[in-house]
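Worksheet for the structure shown next.
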Amino acid sequence: MQQETDKTGYFGSFGGRYVPETLIHALEELEEAYERYKGDPEFVRELEVLARDFVGRATPFMLAERLTKKWGGANVWFKREDLAHTGAHKINNALGQILLADRMGKSRVIAETGAGQHGVATATVAALYGKECVVYMGEEDTRRQAPNVLRMKLLGAEVRPVTSGSGTLKAALNEAIRDWVTNVEDTHYIIGTVAGPAPYPRIVRDLQAVIGRETEAQAQERLGGDPDAIVACVGGGSNAIGIFHQFVGREGVRLVGVEAAGHGLESGEHGASLTGGAPGVLHGSLSYVLQTADGQIREAHSISAGLDYPSVGPEHAYLKDEGLVEYVSVTDEDALKAFVECSRLEGIIPALESAHAISYAEGLAKELGPGKNMVINMSGRGDKDIGVVAEHVGIDAKEAEEASGDQ
Amino acid sequence: MISPAEGLRAAFTEGRTALIPYLTAGYPSLEGAYEVGEAYIEAGADVVEIGVPFSDPLADGPTIQNTANRALENGADLGYCFELASRFSGRVPVVLLVYYNNVFARGAERFLAESAEAGVSGLVIPDLPIDEAVAFRKMAGEKGVAICPLVAPTTTEARLDKVAEAASGFVYCVSVSGVTGAREKLPQGAVDLLGRVRAKVSVPVALGFGISTAEAAVEAAEAGAEGVIVGSKLMQIVADGGPEAAGAWLRELRAALSGGAGV
């Protein structure tokens, strides 16, 4: 496939390994370990058994009937990653990486987290494998996502709040990388998304690609063929790459990545690196980045902590430039409306991240029209977000109804 | 006429350990950074390393992060950094410590042209390992700007060979697996690394990250460092006592190095 990375870790002109020299050896070691184990039958079997018994895969493929009816367009299908253990797709990657860390003889794992979902996933697999676990989380995010902080602590992880910068995901990544530089001998860094230096974007993609493989098989069984469109939210971009990978370049399947437009692209306060940024280097790879003319990284903004990141995985940069995936954006306000609408019509409280995809999907469903099939990657559950949503639209039923528009 | 890169190598003279103090451009203020550099030169700096402040300095510990944040608040943009460099470069070789995105955003060619124009001798780019941006290094060579690659205790022999090939200024040995920041003692790994690097490369070898006492600097010199880079410690002193205090401390370090090592 043309989107495969080559040996040097590039996707077209994006990717690479822009990190301090201290880490190069660890990245080479990781690459070697991954090459060695990804086809190893024992490794593959261990991952498959845990994916089934611990995570609960395959996740369901569900027809969202009331949304389909309300929107009056294409059939709306949910790929239910929110039903995976720990409540999001993040566990797919964390599980694969803890297996690698274990085989590499690392006794300690670290992670960064925004919404807390990746932190919880990492703390979970660390508990399962008896590893010491430290999670870096922006201080602002520890406040926005307090329940996830509690979950991580219950699982035995140490949560270190990061106060530098705006105290969000970008700062958490900086601190995680600094920790790794310092403790590289005994520590594996379980990065949570398809960003970072090579080989991470490829490893994380491969571990998340199970979403797309399942979707393909389930669509074959339920629809008798491929869906007409797949929509996923994009922060760093792991759930989107996960569901897209199997379908990239396939005729008749539109792939749409939805970024966070925050207060609107024109406000400058958003998390839309692909639709509102420019090529640059952050956290080890060359990709699209939100930055000033001098190359200082700007703070991102999104109501959803998981999309509050000023860059994006380098493979997305490549897919955008090649025109293989369409990238669009949705504002905080529209995501909130979709959050409430999905909760009320489908009995599923989506993650605020996923709500961005749902919001865009409404227009796309109408555009595609009845009889077509559109899949939304329901990347995570929204229990963690109810505090934030309550702050914005209130938990009062009447207010919620207003926020979701006429029903 | 010698190129700035050649001038940089000439700053490392036989039998004398080059003193390479670091300052963050724009810290403690736009004009204050100039005073810091003047104090360094007066105290006998052989090379001045100017840090271009970056929003996300991955290789730096809290001390230098804080100076970078302040510098950015003070309005230290790239134009200012080059201007600052040009104020020193006639008297002492200047190297810029710059994260790659600042180079990339400016455009590599323009960045190098502006560096050359400001009399910058060399570039230290902590997040640009030798395998990346091969074309950039070639371009730098054409402009007469040296590249000073970093090596770390974790760098393998095979990579040291590549560094030996790529280095055109000095090799920057990172004394410890970690970020910048003052440390009490010179780590054992640093001594081993200096030995490994000196056996491979022909350009001068300098040691940095965590050197904060005269004893550690002398120890580094005895272990074969031809230059010592001091950053966080000096930035702390600037924060607490201003440029004069930094200059005074540096003079003591110079005296210790001249008396105790390099013979």
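Convention: chains lettered A, B, ... in structure tokens order; per-chain residue numbering from 1; ligands numbered from 1 as shown.
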Per-residue nearest contacts chain B to chain A, cut-off 6 Å, using only C-alpha atoms, as CSV:
```
residue,atom,partner,partner_atom,distance
B:Ser55,CA,A:Gln296,CA,5.4
B:Leu58,CA,A:Asn174,CA,5.8
B:Asn101,CA,A:Val281,CA,5.1
B:Asn102,CA,A:Gly295,CA,4.7
B:Ala105,CA,A:Gly295,CA,4.9
B:Pro126,CA,A:Pro20,CA,5.5
B:Asp127,CA,A:Val19,CA,4.4
B:Leu128,CA,A:Tyr18,CA,5.3
B:Pro129,CA,A:Glu21,CA,5.8
B:Ala152,CA,A:Thr22,CA,5.2
B:Thr154,CA,A:Thr22,CA,5.6
B:Ser177,CA,A:Thr182,CA,5.2
B:Gly178,CA,A:Thr182,CA,3.8
```
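Secondary structure from DSSP on the backbone puts strand (DSSP E or B) at the following positions of region 97-248 of chain A: Arg108, Val109, Ile110, Ala111, Glu112, Thr113, Glu132, Cys133, Val134, Val135, Tyr136, Met137, Gly138, Glu158, Val159, Arg160, Pro161, Val162, Thr187, His188, Tyr189, Ala229, Ile230, Val231, Ala232 and Cys233 of chain A.
Nearest to Val94 (chain B) of all the residues B:Ala225, B:Ala182, B:Leu123, B:Met235 is B:Leu123, counting only C-alpha atoms.
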List the neighbours of Glu226 (chain B) out to 9 Å using only C-alpha atoms; skip same-chain residues closer than 2 positions along the sequence, and give me the result as a PyMOL selection string. chain B and resi 12-19+204-207+220-221+224+228+262
Report the residues of region 205-270 of chain A whose backbone DSSP state falls under helix (DSSP H, G or I), written as an mmCIF file with C-alpha atoms, in the first residue's frame.
```cif
data_model
loop_
_atom_site.group_PDB
_atom_site.id
_atom_site.type_symbol
_atom_site.label_atom_id
_atom_site.label_comp_id
_atom_site.auth_asym_id
_atom_site.auth_seq_id
_atom_site.Cartn_x
_atom_site.Cartn_y
_atom_site.Cartn_z
ATOM 1 C CA ARG A 205 -1.818 2.711 13.722
ATOM 2 C CA ASP A 206 -1.255 -1.025 13.392
ATOM 3 C CA LEU A 207 -2.629 -1.627 16.878
ATOM 4 C CA GLN A 208 -5.710 0.511 16.183
ATOM 5 C CA VAL A 210 -8.314 -3.686 14.303
ATOM 6 C CA ILE A 211 -11.210 -1.174 14.320
ATOM 7 C CA GLY A 212 -11.202 -0.922 10.534
ATOM 8 C CA ARG A 213 -10.736 -4.642 9.984
ATOM 9 C CA GLU A 214 -13.729 -5.414 12.172
ATOM 10 C CA THR A 215 -15.750 -2.676 10.508
ATOM 11 C CA GLU A 216 -15.013 -4.122 7.086
ATOM 12 C CA ALA A 217 -16.115 -7.605 8.119
ATOM 13 C CA GLN A 218 -19.202 -6.327 9.949
ATOM 14 C CA ALA A 219 -20.215 -4.124 7.013
ATOM 15 C CA GLN A 220 -19.783 -7.083 4.698
ATOM 16 C CA GLU A 221 -22.081 -9.139 6.897
ATOM 17 C CA ARG A 222 -24.703 -6.475 7.598
ATOM 18 C CA LEU A 223 -24.616 -4.377 4.431
ATOM 19 C CA SER A 238 -5.537 7.364 16.424
ATOM 20 C CA ASN A 239 -9.189 6.350 16.283
ATOM 21 C CA ALA A 240 -9.491 7.842 12.814
ATOM 22 C CA ILE A 241 -6.407 6.077 11.454
ATOM 23 C CA GLY A 242 -7.653 2.939 13.183
ATOM 24 C CA ILE A 243 -10.933 2.854 11.308
ATOM 25 C CA PHE A 244 -9.605 4.400 8.054
ATOM 26 C CA HIS A 245 -6.498 2.296 7.517
ATOM 27 C CA GLN A 246 -8.262 -0.710 6.038
ATOM 28 C CA PHE A 247 -10.174 1.519 3.606
ATOM 29 C CA LEU A 265 -11.364 28.547 12.912
ATOM 30 C CA GLU A 266 -11.420 32.304 12.405
ATOM 31 C CA SER A 267 -11.193 32.882 16.180
#
```
Name all residues at most 9 Å from Gln97 (chain A) (count only C-alpha atoms; drop same-chain ones fewer than 6 positions away) and give them as an mmCIF file with all heavy atoms, in the first residue's frame.
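That gives us selection00.cif:
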```
data_model
loop_
_atom_site.group_PDB
_atom_site.id
_atom_site.type_symbol
_atom_site.label_atom_id
_atom_site.label_comp_id
_atom_site.auth_asym_id
_atom_site.auth_seq_id
_atom_site.Cartn_x
_atom_site.Cartn_y
_atom_site.Cartn_z
ATOM 1 N N HIS A 188 9.346 2.336 29.296
ATOM 2 C CA HIS A 188 8.764 2.415 27.954
ATOM 3 C C HIS A 188 7.699 3.502 27.959
ATOM 4 O O HIS A 188 6.881 3.574 28.867
ATOM 5 C CB HIS A 188 8.142 1.079 27.549
ATOM 6 C CG HIS A 188 7.416 1.152 26.227
ATOM 7 N ND1 HIS A 188 8.075 1.428 25.050
ATOM 8 C CD2 HIS A 188 6.098 1.036 25.913
ATOM 9 C CE1 HIS A 188 7.186 1.461 24.053
ATOM 10 N NE2 HIS A 188 5.991 1.232 24.551
ATOM 11 N N TYR A 189 7.739 4.326 26.928
ATOM 12 C CA TYR A 189 6.749 5.401 26.793
ATOM 13 C C TYR A 189 5.602 4.891 25.918
ATOM 14 O O TYR A 189 5.794 4.622 24.740
ATOM 15 C CB TYR A 189 7.428 6.624 26.177
ATOM 16 C CG TYR A 189 6.503 7.797 25.903
ATOM 17 C CD1 TYR A 189 5.294 7.935 26.571
ATOM 18 C CD2 TYR A 189 6.859 8.782 24.985
ATOM 19 C CE1 TYR A 189 4.462 9.008 26.320
ATOM 20 C CE2 TYR A 189 6.026 9.865 24.730
ATOM 21 C CZ TYR A 189 4.824 9.973 25.394
ATOM 22 O OH TYR A 189 3.990 11.034 25.139
ATOM 23 N N ILE A 190 4.438 4.746 26.517
ATOM 24 C CA ILE A 190 3.256 4.322 25.758
ATOM 25 C C ILE A 190 2.557 5.581 25.269
ATOM 26 O O ILE A 190 1.710 6.159 25.946
ATOM 27 C CB ILE A 190 2.291 3.470 26.613
ATOM 28 C CG1 ILE A 190 3.021 2.234 27.145
ATOM 29 C CG2 ILE A 190 1.072 3.074 25.784
ATOM 30 C CD1 ILE A 190 2.127 1.234 27.848
ATOM 31 N N ILE A 191 2.939 6.013 24.082
ATOM 32 C CA ILE A 191 2.321 7.223 23.541
ATOM 33 C C ILE A 191 0.905 6.856 23.105
ATOM 34 O O ILE A 191 0.645 5.738 22.673
ATOM 35 C CB ILE A 191 3.167 7.798 22.394
ATOM 36 C CG1 ILE A 191 2.760 9.238 22.078
ATOM 37 C CG2 ILE A 191 3.102 6.936 21.171
ATOM 38 C CD1 ILE A 191 3.754 9.960 21.178
ATOM 39 N N ILE A 203 3.290 1.995 14.750
ATOM 40 C CA ILE A 203 2.900 0.982 15.740
ATOM 41 C C ILE A 203 1.480 1.243 16.234
ATOM 42 O O ILE A 203 0.647 0.337 16.284
ATOM 43 C CB ILE A 203 3.884 0.984 16.936
ATOM 44 C CG1 ILE A 203 5.269 0.510 16.481
ATOM 45 C CG2 ILE A 203 3.365 0.105 18.069
ATOM 46 C CD1 ILE A 203 6.315 0.513 17.587
ATOM 47 N N VAL A 204 1.214 2.499 16.584
ATOM 48 C CA VAL A 204 -0.107 2.827 17.120
ATOM 49 C C VAL A 204 -1.181 2.590 16.049
ATOM 50 O O VAL A 204 -2.252 2.054 16.322
ATOM 51 C CB VAL A 204 -0.154 4.273 17.655
ATOM 52 C CG1 VAL A 204 -1.539 4.612 18.177
ATOM 53 C CG2 VAL A 204 0.894 4.475 18.749
ATOM 54 N N LEU A 207 -1.879 -1.101 15.740
ATOM 55 C CA LEU A 207 -2.629 -1.627 16.878
ATOM 56 C C LEU A 207 -4.086 -1.162 16.853
ATOM 57 O O LEU A 207 -4.968 -1.845 17.345
ATOM 58 C CB LEU A 207 -1.955 -1.215 18.199
ATOM 59 C CG LEU A 207 -0.598 -1.875 18.452
ATOM 60 C CD1 LEU A 207 0.106 -1.229 19.644
ATOM 61 C CD2 LEU A 207 -0.761 -3.386 18.686
#
```
Separation of CA of Ala232 (chain A) from CA of Arg160 (chain A), in Å and rounded to one decimal: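 Between CA of Ala232 (chain A) and CA of Arg160 (chain A) the gap works out to 29.7 Å.
As for CA of Val163 (chain B) and CA of Val201 (chain B), they are spaced 7.8 Å apart.
Taking only C-alpha atoms, the non-local environment of Phe209 (chain B) within 6 Å (same-chain residues fewer than 2 positions away omitted) comprises B:Val174, B:Ser175, B:Thr180, B:Ile211.
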Can you write out the residues you just picked, keeping N, CA, C and O atoms, as a PDB file, in the first residue's frame?
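The new file part23.pdb reads:
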```pdb
ATOM      1  N   VAL B 174      26.341  15.180  25.559  1.00  0.00           N
ATOM      2  CA  VAL B 174      25.335  15.326  26.601  1.00  0.00           C
ATOM      3  C   VAL B 174      25.771  14.432  27.759  1.00  0.00           C
ATOM      4  O   VAL B 174      25.893  13.220  27.593  1.00  0.00           O
ATOM      5  N   SER B 175      26.036  15.053  28.914  1.00  0.00           N
ATOM      6  CA  SER B 175      26.714  14.335  29.994  1.00  0.00           C
ATOM      7  C   SER B 175      25.865  13.240  30.619  1.00  0.00           C
ATOM      8  O   SER B 175      26.365  12.347  31.265  1.00  0.00           O
ATOM      9  N   THR B 180      18.364  19.304  30.450  1.00  0.00           N
ATOM     10  CA  THR B 180      19.302  20.247  31.027  1.00  0.00           C
ATOM     11  C   THR B 180      18.894  20.580  32.456  1.00  0.00           C
ATOM     12  O   THR B 180      17.735  20.448  32.832  1.00  0.00           O
ATOM     13  N   ILE B 211      26.519  20.721  34.148  1.00  0.00           N
ATOM     14  CA  ILE B 211      27.776  21.165  34.766  1.00  0.00           C
ATOM     15  C   ILE B 211      27.505  22.435  35.558  1.00  0.00           C
ATOM     16  O   ILE B 211      27.155  23.466  35.002  1.00  0.00           O
TER      17      ILE B 211
END
```
Between CA of Val238 (chain B) and CA of Glu73 (chain B), distance in Å (one decimal):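 Those two atoms sit 17.4 Å apart.
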My list of candidates is A:Gly12, A:Pro350, A:Pro197, A:Gly73. Which is closest to Glu322 (chain A) when distances are computed with only C-alpha atoms?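 Using only C-alpha atoms, the shortest distance to Glu322 (chain A) belongs to A:Gly12.
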Shell around Phe111 (chain B) at 12 Å using only C-alpha atoms, local window under 3 positions removed, as a ChimeraX atom specification: /A:294-295 /B:78-79,81-82,96,98,100-108,114-118,120,123,136,139-140,143,145
Go ahead and write the selection's residues with N, CA, C and O atoms as a CSV table (one decimal), in the first residue's frame.
```
chain,number,residue,atom,x,y,z
A,294,ASP,N,7.1,32.5,13.5
A,294,ASP,CA,8.4,32.2,14.0
A,294,ASP,C,8.6,30.7,14.4
A,294,ASP,O,9.6,30.3,14.8
A,295,GLY,N,7.5,30.0,14.3
A,295,GLY,CA,7.6,28.6,14.6
A,295,GLY,C,7.4,28.3,16.1
A,295,GLY,O,7.7,27.2,16.6
B,78,LEU,N,12.8,35.8,16.3
B,78,LEU,CA,14.0,35.3,15.6
B,78,LEU,C,14.9,36.5,15.2
B,78,LEU,O,16.1,36.5,15.3
B,79,GLY,N,14.2,37.6,14.7
B,79,GLY,CA,15.0,38.8,14.3
B,79,GLY,C,15.8,39.3,15.4
B,79,GLY,O,17.0,39.6,15.2
B,81,CYS,N,16.9,37.6,18.0
B,81,CYS,CA,18.0,36.6,18.3
B,81,CYS,C,19.2,36.8,17.4
B,81,CYS,O,20.3,36.8,17.8
B,82,PHE,N,18.9,37.0,16.1
B,82,PHE,CA,20.0,37.2,15.2
B,82,PHE,C,20.7,38.6,15.5
B,82,PHE,O,21.9,38.6,15.4
B,96,LEU,N,24.3,29.2,18.0
B,96,LEU,CA,22.9,29.2,18.4
B,96,LEU,C,22.4,27.9,18.8
B,96,LEU,O,22.6,26.9,18.1
B,98,VAL,N,19.1,26.1,18.9
B,98,VAL,CA,17.7,26.3,18.3
B,98,VAL,C,17.0,25.0,18.1
B,98,VAL,O,17.6,24.1,17.6
B,100,TYR,N,14.3,22.7,16.1
B,100,TYR,CA,14.3,22.6,14.7
B,100,TYR,C,13.0,23.4,14.1
B,100,TYR,O,13.1,23.9,13.0
B,101,ASN,N,11.9,23.4,14.9
B,101,ASN,CA,10.8,24.1,14.3
B,101,ASN,C,11.0,25.5,14.0
B,101,ASN,O,10.4,26.1,13.1
B,102,ASN,N,11.8,26.2,14.8
B,102,ASN,CA,12.1,27.6,14.6
B,102,ASN,C,12.9,27.8,13.3
B,102,ASN,O,12.7,28.7,12.6
B,103,VAL,N,13.7,26.8,13.0
B,103,VAL,CA,14.5,26.8,11.7
B,103,VAL,C,13.5,26.5,10.5
B,103,VAL,O,13.5,27.2,9.5
B,104,PHE,N,12.7,25.5,10.7
B,104,PHE,CA,11.8,25.0,9.7
B,104,PHE,C,10.8,26.1,9.3
B,104,PHE,O,10.5,26.3,8.1
B,105,ALA,N,10.2,26.8,10.3
B,105,ALA,CA,9.2,27.8,10.1
B,105,ALA,C,9.8,29.0,9.3
B,105,ALA,O,9.1,29.6,8.5
B,106,ARG,N,11.1,29.3,9.6
B,106,ARG,CA,11.7,30.4,8.9
B,106,ARG,C,12.0,30.0,7.5
B,106,ARG,O,12.2,30.9,6.6
B,107,GLY,N,12.2,28.7,7.3
B,107,GLY,CA,12.7,28.3,6.0
B,107,GLY,C,14.2,28.0,6.2
B,107,GLY,O,14.9,29.0,6.6
B,108,ALA,N,14.7,26.8,5.9
B,108,ALA,CA,16.0,26.5,6.3
B,108,ALA,C,17.0,27.4,5.6
B,108,ALA,O,18.0,27.9,6.2
B,114,GLU,N,20.4,34.2,7.3
B,114,GLU,CA,20.4,35.2,8.4
B,114,GLU,C,21.4,34.8,9.5
B,114,GLU,O,22.0,35.8,10.1
B,115,SER,N,21.6,33.5,9.7
B,115,SER,CA,22.7,33.1,10.7
B,115,SER,C,24.0,33.6,10.2
B,115,SER,O,24.8,34.2,11.0
B,116,ALA,N,24.3,33.4,8.9
B,116,ALA,CA,25.6,33.7,8.4
B,116,ALA,C,25.8,35.2,8.4
B,116,ALA,O,26.9,35.8,8.8
B,117,GLU,N,24.7,35.9,8.1
B,117,GLU,CA,24.8,37.4,8.1
B,117,GLU,C,25.1,38.0,9.5
B,117,GLU,O,25.8,38.9,9.7
B,118,ALA,N,24.5,37.3,10.5
B,118,ALA,CA,24.7,37.7,11.9
B,118,ALA,C,26.1,37.2,12.5
B,118,ALA,O,26.4,37.5,13.6
B,120,VAL,N,26.9,34.1,12.9
B,120,VAL,CA,26.8,32.9,13.7
B,120,VAL,C,27.8,31.8,13.2
B,120,VAL,O,27.8,31.6,12.0
B,123,LEU,N,25.5,25.9,14.7
B,123,LEU,CA,24.1,25.6,15.2
B,123,LEU,C,24.1,24.3,16.1
B,123,LEU,O,24.7,23.3,15.6
B,136,PHE,N,19.7,19.8,4.9
B,136,PHE,CA,19.9,21.0,5.7
B,136,PHE,C,21.4,21.1,6.1
B,136,PHE,O,22.0,22.2,6.0
B,139,MET,N,23.4,22.3,3.2
B,139,MET,CA,23.2,23.7,2.9
B,139,MET,C,24.0,24.6,3.9
B,139,MET,O,24.5,25.6,3.6
B,140,ALA,N,24.0,24.1,5.2
B,140,ALA,CA,24.7,24.9,6.2
B,140,ALA,C,26.2,24.9,5.9
B,140,ALA,O,26.8,26.0,6.0
B,143,LYS,N,27.0,27.6,3.5
B,143,LYS,CA,26.9,28.9,4.0
B,143,LYS,C,28.0,29.2,5.0
B,143,LYS,O,28.0,30.3,5.6
B,145,VAL,N,28.2,27.8,7.9
B,145,VAL,CA,27.7,27.7,9.3
B,145,VAL,C,27.9,26.2,9.8
B,145,VAL,O,27.5,25.3,9.1
```
Which residue out of B:Gly44, B:Gly189, B:Pro28, B:Gly241 has the minimum interatomic distance to Thr155 (chain B) when only C-alpha atoms are used? B:Gly189
Can you pull out the residues contacting region 81-87 of chain A? Cut-off 8 Å, using only C-alpha atoms, and skip same-chain residues under 4 positions away; I want them as a ChimeraX atom specification. /A:54-57,59-60,91,117,120-121,124,211,350,377-381
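Distances to Ala25 (chain B) were evaluated for B:Glu49, B:Ser3, B:Leu193, B:Glu42 using only C-alpha atoms, and the minimum falls at B:Glu49.
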